[in-house]
Each structure stands twice: as C-alpha cells, then as structure tokens.
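The next block is start.cif, given as mmCIF, C-alpha atoms and all ligand atoms.
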data_coords
#
loop_
_atom_site.label_atom_id
_atom_site.label_comp_id
_atom_site.auth_asym_id
_atom_site.auth_seq_id
_atom_site.Cartn_x
_atom_site.Cartn_y
_atom_site.Cartn_z
CA MET A 1 27.07 -2.04 13.46
CA ASN A 2 25.49 -5.33 12.51
CA ASN A 3 25.10 -4.74 8.74
CA LYS A 4 22.80 -7.12 6.87
CA LYS A 5 21.69 -7.43 3.28
CA ILE A 6 17.98 -8.02 3.04
CA LEU A 7 16.21 -8.99 -0.17
CA VAL A 8 12.60 -7.82 -0.41
CA ILE A 9 10.22 -9.65 -2.74
CA ASN A 10 6.75 -8.45 -3.71
CA CYS A 11 4.86 -10.78 -6.07
CA GLY A 12 1.82 -9.63 -8.03
CA SER A 13 -0.30 -11.79 -10.33
CA SER A 14 2.04 -11.30 -13.31
CA SER A 15 4.95 -9.40 -11.78
CA LEU A 16 7.76 -9.70 -9.26
CA LYS A 17 9.27 -6.57 -7.71
CA TYR A 18 12.49 -6.86 -5.75
CA GLN A 19 14.90 -4.65 -3.85
CA LEU A 20 18.04 -5.35 -1.89
CA PHE A 21 18.66 -3.18 1.17
CA LEU A 22 21.68 -2.69 3.37
CA MET A 23 20.24 -2.57 6.87
CA PRO A 24 19.88 -0.98 9.35
CA GLU A 25 20.75 2.13 7.30
CA GLY A 26 18.05 1.28 4.75
CA ILE A 27 20.37 1.91 1.79
CA ASN A 28 18.96 0.57 -1.46
CA LEU A 29 21.56 -1.55 -3.30
CA VAL A 30 19.49 -2.75 -6.22
CA LYS A 31 15.94 -2.56 -7.47
CA GLY A 32 14.22 -4.66 -10.11
CA LEU A 33 10.93 -5.50 -11.76
CA ILE A 34 10.00 -8.61 -13.74
CA GLU A 35 6.79 -8.09 -15.68
CA ARG A 36 4.33 -10.10 -17.75
CA ILE A 37 5.18 -13.38 -16.02
CA GLY A 38 3.51 -16.27 -17.85
CA GLN A 39 3.18 -14.32 -21.10
CA LYS A 40 5.31 -14.39 -24.24
CA ASP A 41 6.93 -10.99 -23.81
CA SER A 42 8.21 -11.05 -20.20
CA THR A 43 10.79 -8.42 -19.31
CA ILE A 44 13.23 -7.63 -16.52
CA LYS A 45 14.43 -4.17 -15.57
CA GLN A 46 17.10 -3.83 -12.90
CA GLU A 47 18.62 -0.59 -11.60
CA HIS A 48 21.54 0.07 -9.29
CA LYS A 49 23.63 3.20 -8.98
CA ASP A 50 23.77 4.50 -12.54
CA LYS A 51 23.48 1.08 -14.18
CA THR A 52 20.19 -0.05 -15.69
CA ILE A 53 19.63 -3.34 -17.47
CA GLU A 54 16.45 -3.94 -19.37
CA LYS A 55 15.81 -7.03 -21.46
CA LYS A 56 13.29 -9.60 -22.66
CA VAL A 57 13.38 -12.89 -20.79
CA GLN A 58 11.46 -16.16 -20.73
CA VAL A 59 9.50 -16.32 -17.48
CA LYS A 60 6.75 -18.89 -17.40
CA ASP A 61 5.92 -18.70 -13.67
CA HIS A 62 6.98 -17.18 -10.35
CA ASN A 63 9.46 -19.98 -9.72
CA GLN A 64 11.29 -19.02 -12.88
CA ALA A 65 10.94 -15.32 -12.02
CA VAL A 66 12.90 -15.92 -8.79
CA LYS A 67 15.58 -17.68 -10.87
CA VAL A 68 15.77 -14.75 -13.29
CA MET A 69 15.95 -12.27 -10.39
CA LEU A 70 18.84 -14.17 -8.77
CA GLU A 71 20.70 -14.40 -12.07
CA ALA A 72 20.39 -10.63 -12.48
CA ILE A 73 21.53 -9.88 -8.92
CA LEU A 74 24.46 -12.33 -9.16
CA ASN A 75 25.46 -11.60 -12.75
CA PRO A 76 29.29 -11.14 -12.73
CA LYS A 77 29.08 -8.33 -15.32
CA ASP A 78 26.34 -6.05 -14.08
CA GLY A 79 25.03 -7.75 -10.93
CA ILE A 80 25.46 -6.51 -7.38
CA LEU A 81 26.36 -9.60 -5.30
CA LYS A 82 29.16 -12.12 -5.77
CA ASN A 83 27.52 -14.96 -3.91
CA ILE A 84 23.96 -15.91 -2.99
CA LYS A 85 25.28 -16.42 0.57
CA ASP A 86 25.71 -12.63 0.79
CA ILE A 87 21.93 -12.37 1.26
CA ASP A 88 21.15 -12.43 5.00
CA SER A 89 17.36 -12.72 4.86
CA VAL A 90 14.42 -12.44 2.49
CA ALA A 91 11.34 -10.35 3.28
CA HIS A 92 8.08 -11.16 1.49
CA ARG A 93 4.93 -9.11 1.11
CA VAL A 94 1.73 -10.99 1.89
CA VAL A 95 -1.58 -9.25 1.40
CA HIS A 96 -3.80 -11.09 3.90
CA GLY A 97 -2.88 -12.32 7.33
CA GLY A 98 -6.49 -12.80 8.51
CA GLU A 99 -7.12 -12.22 12.19
CA LYS A 100 -4.07 -14.23 13.20
CA TYR A 101 -1.15 -12.03 12.20
CA SER A 102 -0.84 -8.65 13.84
CA GLU A 103 2.94 -8.52 13.40
CA PRO A 104 5.48 -9.54 10.75
CA VAL A 105 6.67 -13.13 11.23
CA ILE A 106 9.42 -15.60 10.35
CA ILE A 107 7.97 -17.94 7.73
CA THR A 108 7.48 -21.50 8.98
CA ASN A 109 5.35 -24.36 7.61
CA GLU A 110 2.50 -23.15 9.80
CA VAL A 111 2.72 -19.64 8.29
CA VAL A 112 2.75 -21.11 4.77
CA ASN A 113 -0.41 -23.12 5.57
CA ASP A 114 -2.10 -20.05 7.04
CA ILE A 115 -1.31 -17.92 3.98
CA GLU A 116 -2.84 -20.69 1.88
CA ASN A 117 -5.94 -20.79 4.08
CA PHE A 118 -6.39 -17.00 3.94
CA ALA A 119 -6.43 -17.21 0.11
CA ASP A 120 -10.19 -17.42 0.49
CA LEU A 121 -10.10 -13.81 1.77
CA ALA A 122 -7.62 -12.54 -0.85
CA PRO A 123 -7.95 -14.86 -3.86
CA LEU A 124 -6.11 -12.52 -6.24
CA HIS A 125 -3.13 -11.94 -3.98
CA ASN A 126 -2.33 -14.61 -1.38
CA PRO A 127 -1.83 -17.48 -3.89
CA VAL A 128 0.75 -15.49 -5.92
CA ASN A 129 2.42 -14.19 -2.75
CA LEU A 130 2.75 -17.81 -1.70
CA GLU A 131 4.15 -18.92 -5.06
CA GLY A 132 6.90 -16.34 -4.63
CA ILE A 133 7.59 -17.47 -1.06
CA LYS A 134 7.82 -21.15 -2.02
CA ALA A 135 10.09 -20.43 -5.00
CA ALA A 136 12.40 -18.17 -2.98
CA MET A 137 12.59 -20.60 -0.04
CA GLU A 138 13.55 -23.36 -2.44
CA GLN A 139 16.21 -21.30 -4.23
CA ILE A 140 17.59 -19.25 -1.34
CA GLN A 141 18.05 -21.80 1.41
CA SER A 142 19.71 -21.81 4.82
CA ILE A 143 18.59 -18.28 5.68
CA LYS A 144 15.34 -17.12 7.22
CA HIS A 145 12.44 -15.67 5.24
CA THR A 146 9.98 -13.26 6.82
CA ALA A 147 6.47 -12.10 5.91
CA THR A 148 4.95 -8.65 6.30
CA PHE A 149 1.15 -8.62 5.94
CA ASP A 150 -0.80 -5.66 4.50
CA THR A 151 -3.52 -6.33 7.05
CA SER A 152 -1.51 -6.71 10.26
CA PHE A 153 -1.11 -3.02 11.19
CA HIS A 154 -4.92 -2.74 11.32
CA GLN A 155 -5.45 -5.64 13.70
CA SER A 156 -5.49 -3.08 16.54
CA ILE A 157 -8.78 -1.57 15.27
CA PRO A 158 -11.43 -1.97 18.01
CA GLU A 159 -14.27 -4.41 17.52
CA TYR A 160 -16.96 -1.71 17.18
CA ALA A 161 -15.00 -0.19 14.28
CA TYR A 162 -14.18 -3.38 12.40
CA MET A 163 -17.60 -5.02 12.78
CA TYR A 164 -20.14 -4.53 9.97
CA ALA A 165 -23.72 -4.10 11.13
CA ILE A 166 -24.93 -7.28 9.42
CA PRO A 167 -26.05 -10.51 11.12
CA HIS A 168 -23.32 -11.48 13.56
CA GLU A 169 -23.35 -15.08 12.36
CA LEU A 170 -21.70 -13.87 9.12
CA TYR A 171 -18.71 -12.79 11.17
CA GLU A 172 -18.75 -16.02 13.16
CA LYS A 173 -19.09 -18.25 10.08
CA PHE A 174 -17.05 -16.40 7.46
CA ARG A 175 -15.02 -13.83 9.41
CA ILE A 176 -16.64 -11.00 7.42
CA ARG A 177 -15.27 -7.82 9.02
CA ARG A 178 -13.08 -4.83 8.20
CA TYR A 179 -9.45 -5.90 7.76
CA GLY A 180 -7.89 -2.87 6.07
CA PHE A 181 -4.91 -2.87 3.73
CA HIS A 182 -1.83 -0.74 2.87
CA GLY A 183 -0.73 -1.39 6.47
CA SER A 184 3.00 -1.21 5.71
CA SER A 185 2.60 2.16 4.04
CA HIS A 186 0.46 3.69 6.79
CA SER A 187 2.77 2.54 9.56
CA TYR A 188 5.93 3.54 7.60
CA VAL A 189 4.78 7.11 6.89
CA ALA A 190 3.38 7.51 10.42
CA ASN A 191 6.79 6.62 11.89
CA LYS A 192 8.60 8.90 9.45
CA ALA A 193 6.21 11.77 10.24
CA LEU A 194 6.76 11.28 13.98
CA SER A 195 10.53 11.46 13.61
CA TYR A 196 10.30 14.41 11.18
CA CYS A 197 8.13 16.34 13.66
CA LYS A 198 10.25 15.10 16.62
CA ARG A 199 7.22 13.66 18.37
CA ALA A 200 6.66 10.46 20.34
CA LYS A 201 3.96 8.03 19.26
CA GLU A 202 2.67 7.84 22.86
CA ASN A 203 1.23 11.35 22.71
CA THR A 204 0.50 11.81 19.00
CA ASN A 205 -2.52 11.08 16.83
CA LEU A 206 -2.25 10.97 13.06
CA ILE A 207 -4.42 10.63 10.00
CA THR A 208 -2.48 9.09 7.13
CA CYS A 209 -3.77 9.39 3.53
CA HIS A 210 -2.26 6.84 1.14
CA LEU A 211 -3.42 8.16 -2.23
CA GLY A 212 -2.13 6.11 -5.13
CA ASN A 213 -3.94 4.02 -7.68
CA GLY A 214 -5.41 2.32 -4.62
CA CYS A 215 -6.34 4.77 -1.87
CA SER A 216 -6.95 4.41 1.84
CA ILE A 217 -6.95 6.59 4.91
CA THR A 218 -6.10 5.51 8.47
CA ALA A 219 -6.65 6.96 11.92
CA ILE A 220 -3.65 6.24 14.16
CA ALA A 221 -3.91 6.92 17.88
CA PHE A 222 -0.76 6.57 19.98
CA GLY A 223 0.98 4.39 17.39
CA LYS A 224 -1.94 2.05 16.70
CA SER A 225 -4.38 1.93 13.79
CA VAL A 226 -7.87 2.59 15.22
CA ASP A 227 -9.78 2.78 11.94
CA THR A 228 -9.11 2.55 8.21
CA SER A 229 -11.20 3.07 5.11
CA MET A 230 -10.56 -0.19 3.23
CA GLY A 231 -12.66 -3.02 4.57
CA PHE A 232 -13.25 -6.72 4.01
CA THR A 233 -11.59 -6.10 0.65
CA PRO A 234 -9.67 -3.11 -0.79
CA LEU A 235 -12.87 -1.99 -2.57
CA GLU A 236 -14.35 -0.04 0.34
CA GLY A 237 -13.66 3.55 1.30
CA LEU A 238 -12.13 6.31 -0.77
CA VAL A 239 -12.64 6.95 -4.48
CA MET A 240 -9.64 5.29 -6.19
CA GLY A 241 -8.09 5.08 -9.65
CA THR A 242 -10.57 2.49 -10.90
CA ARG A 243 -12.38 1.39 -7.71
CA SER A 244 -15.61 2.98 -6.54
CA GLY A 245 -14.93 2.95 -2.81
CA ASP A 246 -18.11 3.33 -0.70
CA ILE A 247 -21.40 2.86 -2.50
CA ASP A 248 -24.89 1.92 -1.39
CA PRO A 249 -24.80 -1.92 -1.47
CA ALA A 250 -28.35 -1.94 -2.85
CA ILE A 251 -26.96 -0.60 -6.15
CA ILE A 252 -25.46 -4.05 -6.76
CA HIS A 253 -28.83 -5.75 -6.47
CA TYR A 254 -30.41 -3.07 -8.66
CA LEU A 255 -27.84 -3.65 -11.41
CA LEU A 256 -28.24 -7.44 -11.20
CA ASP A 257 -31.96 -6.88 -11.60
CA LYS A 258 -31.29 -4.77 -14.70
CA GLY A 259 -29.49 -7.71 -16.34
CA TYR A 260 -25.84 -7.15 -15.48
CA THR A 261 -24.07 -10.33 -14.41
CA ASP A 262 -22.40 -10.79 -11.08
CA LYS A 263 -18.96 -10.68 -12.70
CA GLU A 264 -19.79 -7.58 -14.73
CA VAL A 265 -20.86 -5.68 -11.62
CA ILE A 266 -17.82 -6.62 -9.53
CA ASP A 267 -15.53 -5.88 -12.49
CA MET A 268 -17.21 -2.53 -12.96
CA LEU A 269 -16.74 -1.59 -9.31
CA ASN A 270 -13.09 -2.69 -9.26
CA LYS A 271 -11.82 -1.79 -12.72
CA LYS A 272 -14.13 0.75 -14.36
CA SER A 273 -15.17 3.04 -11.51
CA GLY A 274 -13.42 5.63 -9.35
CA LEU A 275 -11.56 8.41 -11.15
CA LEU A 276 -11.75 6.48 -14.42
CA GLY A 277 -15.48 5.89 -14.10
CA VAL A 278 -16.46 9.46 -13.23
CA SER A 279 -14.03 11.22 -15.60
CA GLY A 280 -14.65 8.78 -18.45
CA LEU A 281 -11.03 9.53 -19.36
CA SER A 282 -8.34 7.95 -17.24
CA ASN A 283 -7.44 6.62 -13.82
CA ASP A 284 -4.35 8.81 -13.75
CA VAL A 285 -4.66 12.11 -11.90
CA ARG A 286 -2.09 13.71 -14.22
CA ASP A 287 -4.36 13.16 -17.26
CA ILE A 288 -7.46 14.23 -15.36
CA GLU A 289 -5.87 17.41 -13.96
CA LYS A 290 -4.75 18.35 -17.48
CA ALA A 291 -8.21 17.75 -18.95
CA ALA A 292 -9.87 19.67 -16.09
CA LYS A 293 -7.56 22.63 -16.70
CA GLU A 294 -8.60 22.55 -20.36
CA GLY A 295 -12.23 22.86 -19.28
CA ASN A 296 -13.40 19.23 -19.21
CA LYS A 297 -16.26 19.30 -16.67
CA GLN A 298 -16.39 15.55 -16.05
CA ALA A 299 -12.67 15.55 -15.31
CA GLN A 300 -13.18 18.31 -12.73
CA LEU A 301 -16.12 16.38 -11.26
CA ALA A 302 -13.92 13.28 -10.81
CA LEU A 303 -11.30 15.32 -8.92
CA ASP A 304 -14.00 16.98 -6.79
CA CYS A 305 -15.59 13.60 -5.89
CA PHE A 306 -12.15 12.23 -5.02
CA ALA A 307 -11.26 15.16 -2.75
CA TYR A 308 -14.72 15.37 -1.15
CA ARG A 309 -14.65 11.72 -0.05
CA ILE A 310 -11.24 12.21 1.57
CA LYS A 311 -12.43 15.37 3.35
CA LYS A 312 -15.40 13.39 4.75
CA TYR A 313 -13.11 10.70 6.12
CA ILE A 314 -10.70 13.25 7.59
CA GLY A 315 -13.69 14.78 9.38
CA ALA A 316 -14.91 11.39 10.59
CA TYR A 317 -11.49 10.36 11.88
CA SER A 318 -11.05 13.72 13.61
CA ALA A 319 -14.28 12.96 15.45
CA VAL A 320 -13.29 9.46 16.58
CA MET A 321 -9.90 10.50 17.95
CA VAL A 322 -9.59 12.85 20.92
CA LYS A 323 -7.41 15.19 18.85
CA VAL A 324 -5.41 15.12 15.62
CA ASP A 325 -1.78 16.27 15.60
CA ILE A 326 -0.54 15.26 12.14
CA LEU A 327 -2.15 14.72 8.73
CA VAL A 328 0.07 12.84 6.27
CA PHE A 329 -0.14 12.72 2.47
CA THR A 330 1.58 9.86 0.66
CA GLY A 331 1.25 7.60 -2.43
CA GLY A 332 1.60 8.66 -6.07
CA ILE A 333 -1.13 11.31 -5.78
CA GLY A 334 -0.46 12.39 -2.19
CA GLN A 335 3.27 12.77 -2.83
CA ASN A 336 3.04 14.45 -6.22
CA SER A 337 -0.16 16.35 -6.79
CA ILE A 338 0.06 19.90 -5.45
CA TYR A 339 -3.43 20.58 -6.79
CA MET A 340 -5.11 17.59 -5.13
CA ARG A 341 -3.50 18.27 -1.74
CA GLU A 342 -4.87 21.79 -1.88
CA LEU A 343 -8.32 20.62 -2.99
CA ILE A 344 -8.43 18.20 -0.06
CA ALA A 345 -6.84 20.08 2.83
CA ASN A 346 -7.66 23.71 2.16
CA ASN A 347 -10.62 25.09 4.11
CA LEU A 348 -10.51 22.53 6.91
CA PHE A 349 -10.01 25.22 9.57
CA ASN A 350 -12.91 23.86 11.65
CA ILE A 351 -10.85 20.78 12.47
CA GLY A 352 -7.62 22.69 13.04
CA ILE A 353 -6.05 22.22 9.63
CA HIS A 354 -4.50 25.48 8.43
CA PHE A 355 -3.17 24.64 5.00
CA ASP A 356 -0.34 26.75 3.54
CA LYS A 357 -0.74 26.99 -0.24
CA ASP A 358 2.72 28.48 -0.78
CA LYS A 359 4.53 25.83 1.24
CA ASN A 360 2.52 23.19 -0.62
CA LYS A 361 3.81 24.50 -3.95
CA LEU A 362 7.37 24.80 -2.67
CA ILE A 363 7.46 21.26 -1.26
CA GLY A 364 6.28 19.79 -4.59
CA ASN A 365 7.06 16.07 -4.42
CA HIS A 366 9.50 16.20 -1.51
CA ILE A 367 9.18 15.49 2.19
CA GLY A 368 8.02 18.52 4.19
CA ILE A 369 5.37 20.43 6.11
CA ILE A 370 2.59 22.13 4.14
CA SER A 371 0.59 23.71 6.99
CA THR A 372 1.11 27.13 8.55
CA ASP A 373 3.40 27.51 11.58
CA TYR A 374 0.41 28.11 13.88
CA SER A 375 -1.75 25.27 12.51
CA PRO A 376 -2.99 22.98 15.36
CA VAL A 377 -2.67 20.05 12.93
CA THR A 378 0.66 19.68 11.12
CA VAL A 379 0.10 18.65 7.50
CA ILE A 380 3.06 16.85 5.99
CA VAL A 381 4.09 15.11 2.77
CA ILE A 382 6.00 11.86 3.32
CA PRO A 383 7.04 9.64 0.39
CA THR A 384 6.09 6.06 1.24
CA ASP A 385 8.43 3.08 0.93
CA GLU A 386 6.66 -0.20 1.61
CA GLU A 387 9.68 -2.25 0.54
CA LYS A 388 11.95 -0.48 3.03
CA LYS A 389 9.37 -1.11 5.75
CA MET A 390 9.46 -4.83 4.91
CA ALA A 391 13.28 -4.81 5.13
CA GLU A 392 13.03 -3.03 8.50
CA ASP A 393 10.57 -5.68 9.72
CA SER A 394 12.87 -8.50 8.65
CA TYR A 395 15.89 -6.84 10.26
CA THR A 396 14.03 -6.21 13.53
CA LEU A 397 12.72 -9.79 13.66
CA LEU A 398 15.99 -11.53 12.90
CA PHE A 399 18.93 -9.35 13.82
CA GLN A 400 17.98 -6.97 16.63
P1 LIG B 1 0.90 4.71 -6.84
O1 LIG B 1 -0.15 3.62 -6.93
O2 LIG B 1 1.17 5.13 -5.43
O3 LIG B 1 2.13 4.39 -7.63
O4 LIG B 1 0.26 5.99 -7.54
C1 LIG B 1 -0.01 6.03 -8.94
C2 LIG B 1 -0.87 7.22 -9.25
O5 LIG B 1 -0.27 8.42 -8.76
C3 LIG B 1 -1.06 7.47 -10.73
O6 LIG B 1 -2.08 6.69 -11.28
C4 LIG B 1 -1.40 8.94 -10.76
O7 LIG B 1 -2.80 9.11 -10.58
C5 LIG B 1 -0.71 9.52 -9.55
N1 LIG B 1 0.46 10.36 -9.88
C6 LIG B 1 1.74 10.00 -10.08
N2 LIG B 1 2.52 11.08 -10.35
C7 LIG B 1 1.71 12.16 -10.31
C8 LIG B 1 1.88 13.56 -10.50
N3 LIG B 1 3.07 14.08 -10.78
N4 LIG B 1 0.80 14.36 -10.37
C9 LIG B 1 -0.41 13.84 -10.07
N5 LIG B 1 -0.64 12.53 -9.87
C10 LIG B 1 0.38 11.69 -10.00
#

Would you mind writing the file out in structure tokens?
Amino acid sequence: MNNKKILVINCGSSSLKYQLFLMPEGINLVKGLIERIGQKDSTIKQEHKDKTIEKKVQVKDHNQAVKVMLEAILNPKDGILKNIKDIDSVAHRVVHGGEKYSEPVIITNEVVNDIENFADLAPLHNPVNLEGIKAAMEQIQSIKHTATFDTSFHQSIPEYAYMYAIPHELYEKFRIRRYGFHGSSHSYVANKALSYCKRAKENTNLITCHLGNGCSITAIAFGKSVDTSMGFTPLEGLVMGTRSGDIDPAIIHYLLDKGYTDKEVIDMLNKKSGLLGVSGLSNDVRDIEKAAKEGNKQAQLALDCFAYRIKKYIGAYSAVMVKVDILVFTGGIGQNSIYMRELIANNLFNIGIHFDKDKNKLIGNHIGIISTDYSPVTVIVIPTDEEKKMAEDSYTLLFQ
C-alpha cells in the first residue's frame, strides 16, 4: 500500500490546530493545538499515543505558529518525525471557496489569489487561513499543499435553493446567495453513515445534522448536497451556541431604529444569541441541560427552541427530497447529548422516523443506530472528523 504522512492544518483567528495522519488508513499520529496566537500567553498542547506536552510559547503570528508546530513535531525528545521530508503533503482548511471551488484542490498561485479575493465573503476566516497556507508553504517546501473548502460540498445545491428572493442584481453584483458551510463534516459523516449502513450513495438520501457550537443541517440526495441551513454566512439557519440562526430580517432595522449600532446588532446576533441568548446562562448544552433539570424554565425554553428549529428543518428537507433513508447526528451536541437527540427525533413518526429511546441511551457518545429495526428512516450517530476528511482529500488528490 502507498502509505503517506499527511499534515492537516486548520488556522483560526488566534489558533492553529494540526494533526498528522498516516493515509490511507487514516491513523492519527499526532494532534496539536496552538492557542492565543499574537497574545502574551500563547500555549501549545501536543498529544500522541500516551505522550502529552503542554507549554507556554512565544507566538506572535501564524508564521511563527507554523515554526512552533514543526519544532514540536520534529523535536528529538518527544516529537513524532525525524525529518521534515517525512511529510508527504499538507492539507489546509479554507472556509470560503466562493462559486469557483466545488472540490478540494492543489494550492497554486491562482488558488492563493482566489482565497484572497474571497476574503470579502469570509473576512474573519479566509485571511487567517491564507496566513497559515503562506507560512506552511514557505517552511515546508518541495511537497504539494492542498485546500479543502467548507463551502465546496454545497456547490451542488440547485439554483432555486441557493437563490435568495431579493433583487437579482444583488446576486449579479455581489454574489449574494446561499453558500453553506461545515461541508467537510456533512460529507464525511454522510460517507461514514453509508458504509455503516452498507448502502450506496446512488440510491440513498440523507439528512445530516451537525450540532456543535455552530450548527447546520444538510439534505443530501444521491451523494450531493441539495440544500443546507447556513447561508451567505454561517449566521443563518438553526439555533446555535451563540448565533440566532433564522430571524425576521426586519428585526435588524427595528433595533437600529431603537438606537443600537450596526456593530452591536451583528455582534448580538453572532455572539449573544442562540442557546446563550435564550437561556441567559451559557452556550454549552451541558450547562443548560443541568439547569433545566434543576427547574430553570429559561434553560428548558432554550433547549426546546433549539430542538424545534431542527425538527422544522428535518420536516422541510423530508419534503424536498423524494424520500429520506438516513438521519445523521454529529458534532459536540449531536454526538454526546442523549437528551437533545431524543427531544429532536422522538415523535417524528409522520416522516418515517421511529426513534428508539433505549438504543439512544445505550449508544451514548459512540457510533451506532438509534432508530427501531422497522423504522423507514435509519437514525444514526456518527462522530465527525473534519481533519481526517481533509487528509483523505489530500491523499485522493495527490496519491491515488
Ligand atoms: P463542537 O463545536 O462540535 O466541538 O461542539 C461543542 C458543543 O458540544 C459544546 O458547546 C456543548 O454544547 C456540546 N457538548 C459537548 N459535550 C457534550 C455533552 N456531553 N453533552 C451535551 N452537550 C455536549
């Protein structure tokens, strides 16, 4: 077998996550996180086998973060590789690929320029993704680097589903449309669910629920995304940890009229809404479930709003696809919360979902089926792994 070591890099505004995979088996060799880049108290945590290193480091920018990551991986004492040449390719996460990228790609100058140009659509993400790419390409030379875009899986959504019903010139001038995000996660769990259920994508429809701090739901017909709940930005759709998801857009104008500033409103919708906003407590389902159990009514209301919105989307996506075969739960909440899965998927008999409460409890946070044996729709929990998906993309592009 053609074994390759693929380094996956995922840069956030002040963090760099990395993992090294042995492909095609998908074995994780090392995993690390550099946090608080650009601040005084930056840290690195690296784990492999039963070895964990955790220390304070000086990291002023992403260029230096790549240096620190390579030092940790190549450290003769507790590193994992002897030589930088042991890395066969580097896979990068890029949030926005606009309308151009519907597949992962090998990074060329043209791709770099495009990522820069799409920064207009993802100002918080594309510039830092690009910083990581430039730093890694400079420091890990003579091998190929690939990019996996969060948006690309959703490029198959039909025009009538991605178009907003606003003046068409806004699409023509500014490319305002639904793009969708979390593409790597939705396509990864869909593929895993197909192989777990021994089904072919050509005759299977799925609804995948990625429920983490950010949440989105996708309708997948015959292997292709045909609709997804996040839109022009990740703010649309489901109730999330701190994001509102769908609201009446006129509320924004109303609040501006009441004296809130533009920035205050957008900050409120992104950072102070969702589970946090409704519960008034936390964005973390664990805290909210605990408070609800203790009788906190607002906490229960937050969980009910969260589950209700997902039910509505499951219903909508059942209507737009000819049939649904598999419903997938993933993400921190979807993979872990027995209570939320039950709140969402119980009592959906009318669309063929026969939820099994006992199986749900038994499965806990593992992979497995949580619907009854006779349920027309198979409900399944699949842990997501976006980094592994990026390594798979890089391997497929370069070595298969
Ligand atoms: P993610 O963004 O996928 O890492 O998901 C993070 C979120 O998952 C947290 O904010 C929690 O709301 C939720 N979560 C993680 N573990 C649990 C758990 N054991 N029970 C309920 N929710 C959880």

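The two atoms in question, atom CA of A:Lys271 and atom O5 of ligand LIG 1 (chain B), are spaced 15.9 Å apart.
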
Handout entry: Selection: 6 Å around A:Ser273, all atoms listed in the file, excl. self and same-chain fewer than 3 positions, as a list in words
Key =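 With the cut-off at 6 Å, the set is Thr242, Arg243, Ser244, Leu269, Leu276 and Gly277 of chain A.
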
Practice task
Find the residues near A:Gly231: any atom within 7 Å, counting all atoms listed in the file, skip ones fewer than 6 places away on the same chain, and give them as a PyMOL selection string.
Solution key: chain A and resi 178-180

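Of the residues under consideration (A:Gly241, A:Gly132, A:Gly26, A:Pro234), A:Gly241 shows the shortest atom-to-atom contact distance to A:Gly332 when counting only C-alpha atoms.
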
Exercise for the section: Between atom CA of A:Asn63 and atom CA of A:Val95, measure the distance and give it in Å to one decimal. Expected result: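 Distance reported for this atom pair: 19.0 Å.
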
Handout entry: Close residues, A:Ser282 itself excluded, 12 Å, only C-alpha atoms, min 4 positions apart in chain, as a PyMOL selection string
Key = chain A and resi 213+240-242+271-278+286-292+298-299+302-303

Could you build a table of the residues in chain A lying no more than 7 Å from ligand LIG 1 (chain B), giving for each the nearest pair of atoms and their separation in Å rounded to one decimal place, using all atoms listed in the file, ordered by chain and ascending residue number, as a tab-separated table?
residue	atom	partner	partner_atom	distance
A:Leu211	CA	B:LIG1	O2	6.4
A:Gly212	CA	B:LIG1	O4	3.4
A:Asn213	CA	B:LIG1	O1	3.9
A:Gly214	CA	B:LIG1	O1	5.9
A:Gly241	CA	B:LIG1	O6	6.4
A:Asn283	CA	B:LIG1	O6	5.9
A:Asp284	CA	B:LIG1	O7	3.5
A:Val285	CA	B:LIG1	O7	3.8
A:Arg286	CA	B:LIG1	C9	4.5
A:Gly331	CA	B:LIG1	O2	3.9
A:Gly332	CA	B:LIG1	O5	3.3
A:Ile333	CA	B:LIG1	C5	4.2
A:Asn336	CA	B:LIG1	C8	4.5
A:Ser337	CA	B:LIG1	C9	4.1

Completion exercise
A:Ser185 proximity check over A:Ala119, A:Val328, A:Ile338, A:Ile310, using only C-alpha atoms: winner is A:Val328

Practice task
May I ask for the distance between atom CA of A:Ile106 and atom CA of A:Ser394, given in Å to one decimal place?
Solution key: 8.1 Å

Practice task
Show which residues sit within 6 Å of stretch 353-361 of chain A, as JSON, numbers by chain. Count only C-alpha atoms, and ignore same-chain residues fewer than 6 positions away.
Solution key: {"A": [346, 370, 371, 372, 375, 377]}

Exercise for the section: Using all atoms listed in the file, collect all residues at a distance of at most 12 Å from (-20.3, -2.1, 10.8) as written in the file, then present them as a PyMOL selection string. Expected result: chain A and resi 158-168+170-171+176-179+227+229+231-232

Could you list, as a tab-separated table (two decimals) with C-alpha atoms, in the coordinates of the input, every residue within 8 Å of A:His154, counting all atoms listed in the file and ignoring same-chain residues fewer than 6 positions away?
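Below you can see part.tsv, which holds the result:
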chain	number	residue	atom	x	y	z
A	102	SER	CA	-0.84	-8.65	13.84
A	179	TYR	CA	-9.45	-5.90	7.76
A	180	GLY	CA	-7.89	-2.87	6.07
A	181	PHE	CA	-4.91	-2.87	3.73
A	183	GLY	CA	-0.73	-1.39	6.47
A	224	LYS	CA	-1.94	2.05	16.70
A	225	SER	CA	-4.38	1.93	13.79
A	226	VAL	CA	-7.87	2.59	15.22
A	227	ASP	CA	-9.78	2.78	11.94
A	228	THR	CA	-9.11	2.55	8.21

Fill in the blank from the handout: Nearest to A:Asn83, restricted to all atoms listed in the file and choosing among A:Ile140, A:Ile44, A:Ile157, A:Ile369, comes out as A:Ile140

Practice task
Give the answer as one residue: which of A:Asn270, A:Ser89, A:Gln46, A:Asn205 has the shortest atom-to-atom distance to A:Thr218, using all atoms listed in the file?
Solution key: A:Asn205
